[in-house]
Amino acid sequence: MKELRKLAAVALAYARSVWAYPGAEVLRTIFLLVILVVFLSLWRTTYGAMHAARLGGLSLAQMLEYLVGTEAIILSAPRFAERIGDDVRTGGLAVQLTRPVSYPLFQFAVAAGESWPRLLLNLAVGSALVALVTGTLPVSAAGVAAYLLAYLPAFLLYAALFLALALTSFWLEDAWAITFVASRMVMILGGLLVPLALFPPVLSRIARILPLQLMVYGPARQLARPFAGFPSLLLDQAIWLLILGGLLWLIYRKGVQALHVQGG
Amino acid sequence: MLAVQTERLSKVFERREGKRRTSHVAVDAVDLAVDLGEAIAFIGPNGAGKSTTIKMLTGILHPSSGEARVLGLVPWQSRTRLAHEIGTVFGQRSQLWFHLPAGDTLRLLGAIYELPPALVRQRTGELVERFALGDLLAVPVRKLSLGQRMRFEIAASLLHRPKVLFLDEPTVGLDVIAKAEVREVIREANQGGATVFLTSHDAGDIESIARRAIVIDRGRIVFDDKVSNLRRQWLTEKVVELRSEEEVEPPEIPGVLVEKVSRYGLRLRFSTQELQVRQVVGLLLERYPVHDITISDPPLESVIAAIYQGEAALR
Amino acid sequence: MSRADRLLFWPRLLFGALRAQAAYRGAFWLSIGAMVLNDGVWLVFWWLYFSRFPVVHGWHLTDVAALWAIGATAIGLTHGLLGNLPRLAQLIMQGELDVYLSLPKSALPHLLLSRVHVANLGDVLFGPAVFLLLLHPTLVRTALFLLAVVLAAAIFFGFTLVLQSLAFFLGRADLLAEQVSISMITFSTYPSPIFQGALRLLLFTLLPAGFIDVMPVSVLRAPDPSFIAEAAGFAVLLNLVALFTWRTGLRRYESGNLFQARM
């Protein structure tokens, strides 16, 4: 309980630091708007060329809102590799490790504090743009509720995976490359740009086996189909959380041992 | 021709904070004249305009108004031509390639200054010997200590035998031995004819390198004279050291600070604005059977510290 | 020192910059590999897309592959080999130009060739590889590909230089420059016909990614002399504006003075 209160305080402090520079946060949404405008152009052309009102069961507005849902998650996602790489290079890690709070949990709290406000901002700005250009409100209250509920475990999954990868900088010079590659895997197999429903069957089957779609596709599809297949989504997320959480714990323990050997 | 000459040289920085525009006068109508071969110390509190002045003299910044000539050239108009003739060390900014051996940077600088490779090798050999850096030429810079790195920085700035050397805090962070070496080399360069323009917090640097001091405060020159006069004129304080023939009790004279008490000795400090020397000495002679008494100016170190803290005013 | 020696200085400088980054051999190749993979993932995305919707306004998968080949090579040359170009705003803000300005070489080329950005070197490998492996390189097509790369690189260069030089005038311009830069790159990787109306106008003026989007068709597939002339003219103009911005900005350069640190 005490531990939890500490972590909440950390998260809150970092959340506040996000809002300390509102100008910078607004600038950060530029890229979200650009990607939405690009995909609006691409999908509008595609829907027109196919003479279809729905593709993969989604209307144009819903397709764009799906993209808002995925990009909101990815563009607000924590960047562990840079922060932990800096900690290792500057020796700040030694200080961090002596603090009376678990290092991985501390990083989770920091990530939550920075990511959650940004997610909400992205979701609001993106949805507003979609509503503006398509003239329809692309999402219901139930959709947003289901999205946010599924986002919580999705965030933990994403954070566990990328924190585990970032911790490899305890051994490697730089974990940038490995996390960059992983983020590209999330992009394609997580359904960042195209919903899994539109994948060729083989690829769709592969993507469904992997946990990446639980981080992005899973929550984002809730926006169009609130609570569809919800229990099984949460169950899958819970199972993978145990697996990735275990992996993170293992890597962290080995990493700290490695640090002790090298003398930090 | 003078090494450095300025006339009402000024720099104003414009700032926008939200919708409010503010301007900050960093350098305010500075007149300077430095002869070829001089060694001057350029001192003042942080933010007084030292770096801004040096950056205008090296052509990095354009002034807001006023004129300057360095070796007869207008720095910001003939930047690259001037750069061939001057050397710079900015203590906090490295010109060395971090991941490569320093020898590579020296070769590259040779190419930048358009020196023939044979001359670069010869000069590198001399400098490396002078700074005792021979074994380190092939070591990546990131693996060097701060002192070693700084010696390479100064060696790099001397490679093309500059006529004027601008040194901004060249001994910052060095140990005593490295400091002495760096000073020695700067002095040698000065004796070889190079004009030295030095900024430093370190009284030892100033005392051993410069003969003339220029103090700048809030963008204006407030002192320009010999270093020895700086000590006498800057602080309005005197230090009195006294030896008594009997054991002493510290005196209680208003305005006099007791710095140190020993069995037979005292060290006192007072401001000549509050008390006159003869008043204080009179009181002391009355009270103690004086064996010996000396009255001196405070050490240069205290003077420099006071200047950098922007506390003391000129008498 | 001869004129040739003086010219040889620039490639030597670039070589030094490459060696400095390759000091960590493992990380060097890993970063390059990661970027190649990234570009590859985008081609997979387009393969996914075209496997479902075979033609968009006359564009096929090979046209998008050509767009990526041209764009990646141009980005690799301007943001990879000239590694300081995309971080110019940051260098200006932090007063890092001081060192270059106190040396007797032209500051802009000196600074640009002093650092390579390793990841974008992957783009320099990826672009030509895609062209050679997937896009039927004949002699004529290779010449046209190189022409497209030169034009695209010139547009990226001029655009990025203007954008980053804004730091001289605005102070804190690094985040703005970064976001606009990513936007430009993003727009330059999609088929031209999907952008219509006011957006299309924007892409041929303020955010000139439109010129690059057209290249797979108007330079490579069916060379259009009038488009090539327009793109070349635009590139020249843009670079003149960029040099003017840089030079004007340099007069206002404030170095990393104390006053700035407070902001």
# chains A, B, ... in the order shown; residues from 1 in each chain; ligands from 1

call {"tool": "interface_residues", "arguments": {"of": "chain B", "to": "chain C", "cutoff": "9 Å", "atoms": "only C-alpha atoms", "output": "PyMOL selection string"}}
result
chain B and resi 13+15-17+24+46-47+51-52+55+58-63+76+79-84+86-88+90+93-95+97-100+104+108-109+111-116

call {"tool": "write_last_selection", "arguments": {"atoms": "N, CA and C atoms", "output": "CSV table (one decimal), in the first residue's frame"}}
result
chain,number,residue,atom,x,y,z
B,13,PHE,N,20.9,42.1,-26.4
B,13,PHE,CA,20.1,40.9,-26.7
B,13,PHE,C,18.6,41.2,-26.6
B,15,ARG,N,14.8,39.9,-26.3
B,15,ARG,CA,14.1,38.7,-25.8
B,15,ARG,C,12.6,38.9,-25.8
B,16,ARG,N,11.9,37.8,-26.2
B,16,ARG,CA,10.4,37.9,-26.1
B,16,ARG,C,10.0,36.9,-25.1
B,17,GLU,N,9.3,37.4,-24.1
B,17,GLU,CA,8.7,36.5,-23.1
B,17,GLU,C,7.2,36.6,-23.2
B,24,HIS,N,18.3,43.3,-23.2
B,24,HIS,CA,19.3,43.1,-22.2
B,24,HIS,C,20.6,43.6,-22.8
B,46,ASN,N,29.9,36.8,-13.4
B,46,ASN,CA,29.2,36.1,-14.4
B,46,ASN,C,28.1,36.9,-15.0
B,47,GLY,N,28.0,36.9,-16.3
B,47,GLY,CA,27.0,37.7,-17.0
B,47,GLY,C,27.4,39.2,-17.2
B,51,SER,N,32.3,37.0,-22.0
B,51,SER,CA,32.2,36.0,-23.1
B,51,SER,C,31.6,36.7,-24.3
B,52,THR,N,30.6,37.5,-24.1
B,52,THR,CA,30.0,38.2,-25.3
B,52,THR,C,31.0,39.1,-26.0
B,55,LYS,N,33.4,36.8,-27.9
B,55,LYS,CA,32.7,36.2,-29.0
B,55,LYS,C,32.6,37.3,-30.2
B,58,THR,N,36.1,37.5,-31.8
B,58,THR,CA,36.5,36.4,-32.6
B,58,THR,C,35.5,36.2,-33.8
B,59,GLY,N,34.5,37.1,-33.9
B,59,GLY,CA,33.7,37.0,-35.1
B,59,GLY,C,32.5,36.1,-35.0
B,60,ILE,N,32.3,35.5,-33.8
B,60,ILE,CA,31.2,34.6,-33.6
B,60,ILE,C,29.8,35.3,-33.5
B,61,LEU,N,29.9,36.5,-32.8
B,61,LEU,CA,28.7,37.3,-32.7
B,61,LEU,C,28.8,38.6,-33.4
B,62,HIS,N,27.7,39.1,-34.0
B,62,HIS,CA,27.7,40.4,-34.6
B,62,HIS,C,27.3,41.4,-33.5
B,63,PRO,N,28.0,42.6,-33.5
B,63,PRO,CA,27.6,43.5,-32.4
B,63,PRO,C,26.4,44.3,-32.8
B,76,TRP,N,33.7,40.2,-37.5
B,76,TRP,CA,32.5,39.6,-38.1
B,76,TRP,C,32.4,39.7,-39.6
B,79,ARG,N,35.7,36.9,-40.8
B,79,ARG,CA,35.8,35.9,-39.8
B,79,ARG,C,36.8,34.8,-40.2
B,80,THR,N,36.7,34.2,-41.4
B,80,THR,CA,37.7,33.1,-41.7
B,80,THR,C,39.1,33.6,-41.8
B,81,ARG,N,39.3,34.8,-42.4
B,81,ARG,CA,40.7,35.3,-42.5
B,81,ARG,C,41.3,35.5,-41.2
B,82,LEU,N,40.5,36.1,-40.3
B,82,LEU,CA,41.0,36.4,-38.9
B,82,LEU,C,41.3,35.0,-38.2
B,83,ALA,N,40.4,34.1,-38.4
B,83,ALA,CA,40.5,32.8,-37.7
B,83,ALA,C,41.9,32.1,-38.0
B,84,HIS,N,42.5,32.4,-39.1
B,84,HIS,CA,43.9,31.9,-39.4
B,84,HIS,C,44.9,32.5,-38.4
B,86,ILE,N,44.2,33.8,-35.2
B,86,ILE,CA,43.9,33.8,-33.8
B,86,ILE,C,43.7,32.3,-33.3
B,87,GLY,N,43.9,32.1,-32.0
B,87,GLY,CA,43.6,30.8,-31.4
B,87,GLY,C,42.6,31.0,-30.3
B,88,THR,N,41.7,30.0,-30.2
B,88,THR,CA,40.7,30.2,-29.1
B,88,THR,C,40.6,28.9,-28.3
B,90,PHE,N,37.7,27.7,-25.5
B,90,PHE,CA,36.5,28.0,-24.7
B,90,PHE,C,36.5,26.8,-23.7
B,93,ARG,N,33.7,24.3,-24.0
B,93,ARG,CA,33.3,23.7,-25.3
B,93,ARG,C,34.6,23.1,-25.9
B,94,SER,N,34.4,21.8,-26.3
B,94,SER,CA,35.6,21.1,-26.8
B,94,SER,C,35.7,21.2,-28.3
B,95,GLN,N,36.9,21.4,-28.8
B,95,GLN,CA,37.0,21.3,-30.3
B,95,GLN,C,37.6,19.9,-30.7
B,97,TRP,N,37.5,15.9,-31.3
B,97,TRP,CA,36.6,14.8,-31.7
B,97,TRP,C,36.5,13.8,-30.6
B,98,PHE,N,35.3,13.7,-30.0
B,98,PHE,CA,35.2,12.9,-28.7
B,98,PHE,C,35.5,11.4,-28.9
B,99,HIS,N,35.1,10.8,-30.0
B,99,HIS,CA,35.3,9.4,-30.1
B,99,HIS,C,36.6,9.0,-30.8
B,100,LEU,N,37.4,10.0,-31.3
B,100,LEU,CA,38.6,9.7,-32.0
B,100,LEU,C,39.8,10.1,-31.2
B,104,ASP,N,44.2,12.6,-34.3
B,104,ASP,CA,43.3,12.8,-35.5
B,104,ASP,C,42.8,14.2,-35.6
B,108,LEU,N,43.4,17.0,-38.4
B,108,LEU,CA,42.3,17.6,-39.1
B,108,LEU,C,42.4,19.1,-38.9
B,109,LEU,N,42.8,19.6,-37.7
B,109,LEU,CA,42.9,21.1,-37.6
B,109,LEU,C,44.0,21.6,-38.5
B,111,ALA,N,44.6,20.5,-41.4
B,111,ALA,CA,44.0,20.7,-42.7
B,111,ALA,C,43.1,21.9,-42.7
B,112,ILE,N,42.4,22.1,-41.6
B,112,ILE,CA,41.5,23.3,-41.5
B,112,ILE,C,42.3,24.6,-41.6
B,113,TYR,N,43.5,24.6,-40.9
B,113,TYR,CA,44.3,25.9,-41.0
B,113,TYR,C,45.2,25.9,-42.2
B,114,GLU,N,45.1,24.8,-43.1
B,114,GLU,CA,45.8,24.8,-44.4
B,114,GLU,C,47.3,24.8,-44.2
B,115,LEU,N,47.7,24.0,-43.2
B,115,LEU,CA,49.2,23.9,-43.0
B,115,LEU,C,49.7,22.6,-43.7
B,116,PRO,N,50.9,22.7,-44.2
B,116,PRO,CA,51.5,21.5,-44.9
B,116,PRO,C,51.6,20.3,-43.8

call {"tool": "residues_around", "arguments": {"residues": "Tyr14 in chain A", "least_positions_apart": "4", "cutoff": "12 Å", "atoms": "only C-alpha atoms", "output": "NGL selection string"}}
result
:A and (7-10 or 18-21 or 78 or 106-118)

call {"tool": "interface_residues", "arguments": {"of": "chain A", "to": "chain C", "cutoff": "7 Å", "atoms": "only C-alpha atoms", "output": "CSV table (one decimal) with N, CA and C atoms, in the first residue's frame"}}
result
chain,number,residue,atom,x,y,z
A,27,LEU,N,2.3,21.2,-29.8
A,27,LEU,CA,3.2,20.9,-31.0
A,27,LEU,C,3.3,19.4,-31.3
A,28,ARG,N,3.3,18.6,-30.2
A,28,ARG,CA,3.5,17.2,-30.4
A,28,ARG,C,2.3,16.6,-31.1
A,30,ILE,N,0.9,17.8,-33.7
A,30,ILE,CA,1.0,18.1,-35.1
A,30,ILE,C,1.2,16.7,-35.9
A,31,PHE,N,2.0,15.9,-35.4
A,31,PHE,CA,2.3,14.7,-36.1
A,31,PHE,C,1.1,13.8,-36.2
A,34,VAL,N,-1.1,15.2,-38.9
A,34,VAL,CA,-0.6,14.9,-40.2
A,34,VAL,C,-0.9,13.4,-40.6
A,41,SER,N,-6.9,10.9,-46.5
A,41,SER,CA,-6.7,11.0,-48.0
A,41,SER,C,-6.6,9.6,-48.6
A,42,LEU,N,-5.8,8.7,-47.9
A,42,LEU,CA,-5.6,7.4,-48.5
A,42,LEU,C,-6.9,6.6,-48.4
A,45,THR,N,-9.7,7.8,-50.8
A,45,THR,CA,-9.5,7.3,-52.1
A,45,THR,C,-9.9,5.9,-52.3
A,46,THR,N,-9.4,5.1,-51.3
A,46,THR,CA,-9.7,3.6,-51.3
A,46,THR,C,-11.1,3.3,-51.3
A,173,GLU,N,25.6,-1.2,-25.6
A,173,GLU,CA,25.9,0.2,-25.6
A,173,GLU,C,24.7,1.0,-25.7
A,174,ASP,N,23.7,0.5,-26.5
A,174,ASP,CA,22.6,1.3,-26.8
A,174,ASP,C,21.4,0.4,-27.2
A,177,ALA,N,18.4,0.6,-31.2
A,177,ALA,CA,18.1,-0.2,-32.3
A,177,ALA,C,17.1,-1.3,-32.0
A,180,PHE,N,13.6,0.1,-31.5
A,180,PHE,CA,13.1,0.6,-32.7
A,180,PHE,C,12.5,-0.5,-33.6
A,181,VAL,N,13.3,-1.6,-33.7
A,181,VAL,CA,12.8,-2.8,-34.4
A,181,VAL,C,11.5,-3.3,-33.8
A,184,ARG,N,8.6,-1.2,-34.7
A,184,ARG,CA,8.1,-1.5,-36.1
A,184,ARG,C,7.3,-2.8,-36.2
A,188,ILE,N,3.4,-3.1,-37.6
A,188,ILE,CA,2.8,-3.9,-38.6
A,188,ILE,C,1.9,-5.0,-38.0
A,199,PHE,N,-6.2,-7.9,-42.9
A,199,PHE,CA,-4.9,-8.6,-43.2
A,199,PHE,C,-5.2,-9.8,-44.1

call {"tool": "residues_around", "arguments": {"residues": "Ala203 in chain B", "least_positions_apart": "2", "cutoff": "8 Å", "atoms": "only C-alpha atoms", "output": "list of chain:residue names"}}
result
B:Ser200, B:His201, B:Asp205, B:Ile206, B:Glu207, B:Leu300, B:Glu301, B:Ile304

call {"tool": "write_last_selection", "arguments": {"atoms": "C-alpha atoms", "output": "CSV table (one decimal), in the first residue's frame"}}
result
chain,number,residue,atom,x,y,z
B,200,SER,CA,39.8,33.3,-15.6
B,201,HIS,CA,38.4,32.9,-12.1
B,205,ASP,CA,46.4,32.3,-13.7
B,206,ILE,CA,46.0,36.0,-13.6
B,207,GLU,CA,49.1,36.6,-11.5
B,300,LEU,CA,44.7,38.8,-5.1
B,301,GLU,CA,42.6,35.7,-4.5
B,304,ILE,CA,39.3,38.2,-7.7

call {"tool": "closest_residue", "arguments": {"among": "A:Arg89, A:Arg99, A:Arg208, A:Arg79", "to": "Phe162 in chain A", "atoms": "only C-alpha atoms"}}
result
A:Arg79

call {"tool": "residues_around", "arguments": {"residues": "Leu172 in chain A", "least_positions_apart": "4", "cutoff": "10 Å", "atoms": "only C-alpha atoms", "output": "list in words"}}
result
Gly85, Ala166, Leu167, Thr168 and Trp176 of chain A; Gly26 and Ala27 of chain C

call {"tool": "write_last_selection", "arguments": {"atoms": "N, CA and C atoms", "output": "tab-separated table (two decimals), in the first residue's frame"}}
result
chain	number	residue	atom	x	y	z
A	85	GLY	N	18.96	4.49	-21.15
A	85	GLY	CA	20.28	4.63	-21.76
A	85	GLY	C	21.04	5.79	-21.11
A	166	ALA	N	14.47	-2.20	-23.16
A	166	ALA	CA	15.34	-1.07	-22.81
A	166	ALA	C	16.39	-1.48	-21.79
A	167	LEU	N	16.02	-2.44	-20.91
A	167	LEU	CA	16.97	-2.86	-19.89
A	167	LEU	C	18.18	-3.58	-20.49
A	168	THR	N	18.08	-3.97	-21.76
A	168	THR	CA	19.26	-4.59	-22.37
A	168	THR	C	20.41	-3.59	-22.49
A	176	TRP	N	18.67	1.49	-28.46
A	176	TRP	CA	17.81	2.18	-29.42
A	176	TRP	C	17.39	1.24	-30.54
C	26	GLY	N	29.47	-2.48	-33.06
C	26	GLY	CA	28.22	-3.23	-32.91
C	26	GLY	C	27.01	-2.33	-33.01
C	27	ALA	N	27.00	-1.25	-32.22
C	27	ALA	CA	25.88	-0.33	-32.21
C	27	ALA	C	25.70	0.32	-33.58

call {"tool": "atom_distance", "arguments": {"atom1": "CA of Leu125 in chain C", "atom2": "CA of Gln164 in chain C"}}
result
25.6 Å

call {"tool": "atom_distance", "arguments": {"atom1": "CA of Glu286 in chain B", "atom2": "CA of Arg267 in chain B"}}
result
16.8 Å

call {"tool": "atom_distance", "arguments": {"atom1": "CA of Phe157 in chain C", "atom2": "CA of Ser188 in chain C"}}
result
13.6 Å

call {"tool": "residues_around", "arguments": {"residues": "His79 in chain C", "least_positions_apart": "2", "cutoff": "10 Å", "atoms": "only C-alpha atoms", "output": "PyMOL selection string"}}
result
chain C and resi 73-77+81-87+112+116-121+123+153+156-157+160

call {"tool": "select_by_dssp", "arguments": {"residues": "range 189-253 of chain A", "states": "helix (DSSP H, G or I)", "output": "PyMOL selection string"}}
result
chain A and resi 189+196-198+201-209+212-215+217-221+230-253

call {"tool": "write_last_selection", "arguments": {"atoms": "N, CA and C atoms", "output": "CSV table (one decimal), in the first residue's frame"}}
result
chain,number,residue,atom,x,y,z
A,189,LEU,N,2.4,-5.7,-37.0
A,189,LEU,CA,1.6,-6.9,-36.5
A,189,LEU,C,0.7,-6.5,-35.4
A,196,LEU,N,-6.5,-5.7,-38.1
A,196,LEU,CA,-6.2,-7.1,-38.4
A,196,LEU,C,-7.2,-7.7,-39.4
A,197,ALA,N,-8.5,-7.2,-39.3
A,197,ALA,CA,-9.6,-7.8,-40.1
A,197,ALA,C,-9.3,-7.6,-41.6
A,198,LEU,N,-8.4,-6.7,-42.0
A,198,LEU,CA,-8.1,-6.5,-43.4
A,198,LEU,C,-6.9,-7.2,-43.8
A,201,PRO,N,-5.2,-13.7,-44.7
A,201,PRO,CA,-5.5,-14.6,-43.7
A,201,PRO,C,-4.3,-15.1,-42.9
A,202,VAL,N,-3.2,-15.5,-43.6
A,202,VAL,CA,-2.0,-16.0,-43.0
A,202,VAL,C,-1.4,-15.0,-42.0
A,203,LEU,N,-1.3,-13.8,-42.4
A,203,LEU,CA,-0.7,-12.8,-41.6
A,203,LEU,C,-1.6,-12.5,-40.4
A,204,SER,N,-2.9,-12.5,-40.7
A,204,SER,CA,-3.8,-12.2,-39.6
A,204,SER,C,-3.7,-13.3,-38.5
A,205,ARG,N,-3.5,-14.6,-38.9
A,205,ARG,CA,-3.4,-15.7,-38.0
A,205,ARG,C,-2.1,-15.5,-37.1
A,206,ILE,N,-1.0,-15.1,-37.8
A,206,ILE,CA,0.2,-14.9,-37.0
A,206,ILE,C,0.1,-13.8,-36.0
A,207,ALA,N,-0.5,-12.7,-36.5
A,207,ALA,CA,-0.7,-11.5,-35.6
A,207,ALA,C,-1.6,-11.8,-34.4
A,208,ARG,N,-2.6,-12.7,-34.6
A,208,ARG,CA,-3.5,-13.0,-33.5
A,208,ARG,C,-2.8,-13.8,-32.4
A,209,ILE,N,-1.8,-14.6,-32.8
A,209,ILE,CA,-1.1,-15.4,-31.8
A,209,ILE,C,-0.2,-14.5,-30.9
A,212,LEU,N,1.3,-8.5,-29.6
A,212,LEU,CA,1.4,-7.1,-30.0
A,212,LEU,C,0.1,-6.5,-30.3
A,213,GLN,N,-0.9,-7.3,-30.9
A,213,GLN,CA,-2.2,-6.8,-31.2
A,213,GLN,C,-3.0,-6.4,-30.0
A,214,LEU,N,-2.6,-7.1,-28.8
A,214,LEU,CA,-3.3,-6.8,-27.6
A,214,LEU,C,-3.0,-5.4,-27.1
A,215,MET,N,-1.9,-4.8,-27.6
A,215,MET,CA,-1.5,-3.5,-27.1
A,215,MET,C,-2.1,-2.4,-27.9
A,217,TYR,N,-4.3,-3.0,-31.4
A,217,TYR,CA,-5.6,-3.4,-32.1
A,217,TYR,C,-6.7,-3.7,-31.1
A,218,GLY,N,-6.4,-4.4,-30.1
A,218,GLY,CA,-7.4,-4.8,-29.1
A,218,GLY,C,-8.2,-3.6,-28.5
A,219,PRO,N,-7.5,-2.6,-27.9
A,219,PRO,CA,-8.3,-1.5,-27.5
A,219,PRO,C,-8.9,-0.7,-28.6
A,220,ALA,N,-8.2,-0.4,-29.7
A,220,ALA,CA,-8.7,0.5,-30.7
A,220,ALA,C,-9.9,0.0,-31.4
A,221,ARG,N,-10.1,-1.3,-31.5
A,221,ARG,CA,-11.3,-1.8,-32.2
A,221,ARG,C,-12.5,-1.6,-31.3
A,230,PHE,N,-15.0,-8.6,-25.3
A,230,PHE,CA,-14.3,-8.0,-24.3
A,230,PHE,C,-13.6,-8.9,-23.3
A,231,PRO,N,-14.4,-9.9,-22.7
A,231,PRO,CA,-13.8,-10.8,-21.7
A,231,PRO,C,-12.6,-11.6,-22.3
A,232,SER,N,-12.7,-12.0,-23.5
A,232,SER,CA,-11.6,-12.8,-24.0
A,232,SER,C,-10.4,-11.9,-24.2
A,233,LEU,N,-10.6,-10.6,-24.6
A,233,LEU,CA,-9.5,-9.7,-24.8
A,233,LEU,C,-8.8,-9.5,-23.4
A,234,LEU,N,-9.6,-9.2,-22.4
A,234,LEU,CA,-9.0,-9.0,-21.1
A,234,LEU,C,-8.2,-10.3,-20.6
A,235,LEU,N,-8.8,-11.4,-20.9
A,235,LEU,CA,-8.2,-12.7,-20.5
A,235,LEU,C,-6.8,-12.8,-21.2
A,236,ASP,N,-6.8,-12.6,-22.5
A,236,ASP,CA,-5.6,-12.7,-23.2
A,236,ASP,C,-4.5,-11.7,-22.7
A,237,GLN,N,-5.0,-10.5,-22.4
A,237,GLN,CA,-4.1,-9.5,-21.9
A,237,GLN,C,-3.5,-9.9,-20.6
A,238,ALA,N,-4.4,-10.5,-19.7
A,238,ALA,CA,-3.9,-10.9,-18.4
A,238,ALA,C,-2.8,-12.0,-18.5
A,239,ILE,N,-3.1,-13.0,-19.4
A,239,ILE,CA,-2.1,-14.1,-19.6
A,239,ILE,C,-0.8,-13.5,-20.0
A,240,TRP,N,-0.9,-12.7,-21.1
A,240,TRP,CA,0.4,-12.1,-21.6
A,240,TRP,C,1.1,-11.2,-20.6
A,241,LEU,N,0.3,-10.6,-19.8
A,241,LEU,CA,0.9,-9.7,-18.8
A,241,LEU,C,1.8,-10.5,-17.8
A,242,LEU,N,1.3,-11.7,-17.5
A,242,LEU,CA,2.0,-12.6,-16.6
A,242,LEU,C,3.3,-13.0,-17.3
A,243,ILE,N,3.2,-13.4,-18.6
A,243,ILE,CA,4.4,-13.8,-19.3
A,243,ILE,C,5.4,-12.7,-19.5
A,244,LEU,N,5.0,-11.5,-20.0
A,244,LEU,CA,5.9,-10.4,-20.2
A,244,LEU,C,6.4,-9.8,-18.9
A,245,GLY,N,5.6,-9.8,-17.9
A,245,GLY,CA,6.0,-9.4,-16.6
A,245,GLY,C,7.1,-10.2,-16.0
A,246,GLY,N,6.9,-11.5,-16.2
A,246,GLY,CA,7.9,-12.5,-15.7
A,246,GLY,C,9.3,-12.3,-16.5
A,247,LEU,N,9.1,-12.1,-17.8
A,247,LEU,CA,10.3,-11.8,-18.6
A,247,LEU,C,11.1,-10.6,-18.1
A,248,LEU,N,10.3,-9.5,-17.9
A,248,LEU,CA,10.9,-8.3,-17.4
A,248,LEU,C,11.6,-8.5,-16.1
A,249,TRP,N,11.0,-9.2,-15.2
A,249,TRP,CA,11.6,-9.5,-13.9
A,249,TRP,C,12.9,-10.2,-14.0
A,250,LEU,N,12.9,-11.2,-14.9
A,250,LEU,CA,14.1,-12.0,-15.2
A,250,LEU,C,15.2,-11.1,-15.7
A,251,ILE,N,14.9,-10.3,-16.7
A,251,ILE,CA,15.9,-9.5,-17.4
A,251,ILE,C,16.5,-8.5,-16.4
A,252,TYR,N,15.6,-7.9,-15.6
A,252,TYR,CA,16.0,-6.9,-14.6
A,252,TYR,C,17.0,-7.6,-13.6
A,253,ARG,N,16.6,-8.8,-13.1
A,253,ARG,CA,17.5,-9.4,-12.1
A,253,ARG,C,18.9,-9.7,-12.7

call {"tool": "residues_around", "arguments": {"residues": "His136 in chain C", "least_positions_apart": "2", "cutoff": "12 Å", "atoms": "only C-alpha atoms", "output": "JSON, numbers by chain"}}
result
{"C": [62, 65, 66, 128, 129, 130, 131, 132, 133, 134, 138, 139, 140, 141, 142, 145, 220, 221]}

call {"tool": "write_last_selection", "arguments": {"atoms": "N, CA and C atoms", "output": "compact mmCIF listing (two decimals), in the first residue's frame"}}
result
# COMPACT_ATOMS: atom_id res chain seq x y z
N THR C 62 4.81 -1.26 -57.29
CA THR C 62 6.16 -0.86 -57.74
C THR C 62 6.35 0.65 -57.68
N ALA C 65 7.10 1.43 -54.18
CA ALA C 65 8.47 0.99 -53.91
C ALA C 65 9.47 2.00 -54.45
N ALA C 66 9.18 2.54 -55.65
CA ALA C 66 10.07 3.55 -56.24
C ALA C 66 10.08 4.81 -55.38
N PRO C 128 18.85 2.55 -52.68
CA PRO C 128 19.44 1.96 -53.88
C PRO C 128 19.21 0.44 -53.96
N ALA C 129 19.20 -0.24 -52.82
CA ALA C 129 18.99 -1.70 -52.86
C ALA C 129 17.61 -2.01 -53.42
N VAL C 130 16.58 -1.28 -52.98
CA VAL C 130 15.24 -1.50 -53.50
C VAL C 130 15.20 -1.23 -55.00
N PHE C 131 15.86 -0.15 -55.41
CA PHE C 131 15.86 0.18 -56.83
C PHE C 131 16.52 -0.94 -57.64
N LEU C 132 17.69 -1.39 -57.18
CA LEU C 132 18.43 -2.40 -57.94
C LEU C 132 17.72 -3.75 -57.94
N LEU C 133 17.09 -4.12 -56.83
CA LEU C 133 16.51 -5.46 -56.73
C LEU C 133 15.10 -5.54 -57.29
N LEU C 134 14.30 -4.49 -57.14
CA LEU C 134 12.88 -4.61 -57.46
C LEU C 134 12.43 -3.78 -58.65
N THR C 138 17.63 -0.35 -65.76
CA THR C 138 18.36 -0.25 -67.02
C THR C 138 19.24 0.98 -66.90
N LEU C 139 20.03 1.25 -67.93
CA LEU C 139 20.91 2.41 -67.87
C LEU C 139 20.10 3.70 -67.76
N VAL C 140 19.08 3.80 -68.62
CA VAL C 140 18.27 5.01 -68.62
C VAL C 140 17.54 5.17 -67.29
N ARG C 141 16.96 4.07 -66.82
CA ARG C 141 16.21 4.15 -65.56
C ARG C 141 17.11 4.50 -64.39
N THR C 142 18.35 3.99 -64.43
CA THR C 142 19.29 4.33 -63.36
C THR C 142 19.59 5.82 -63.38
N PHE C 145 16.64 7.56 -62.01
CA PHE C 145 16.58 7.37 -60.55
C PHE C 145 17.53 8.35 -59.86
N LEU C 220 10.46 8.71 -63.14
CA LEU C 220 10.94 7.36 -63.39
C LEU C 220 10.11 6.61 -64.43
N ARG C 221 8.77 6.57 -64.26
CA ARG C 221 7.95 5.73 -65.14
C ARG C 221 7.73 6.40 -66.49

call {"tool": "residues_around", "arguments": {"residues": "Ala141 in chain A", "least_positions_apart": "2", "cutoff": "12 Å", "atoms": "only C-alpha atoms", "output": "JSON, numbers by chain"}}
result
{"A": [137, 138, 139, 143, 144, 145, 146, 147, 148, 222, 223, 224, 225, 226, 227]}
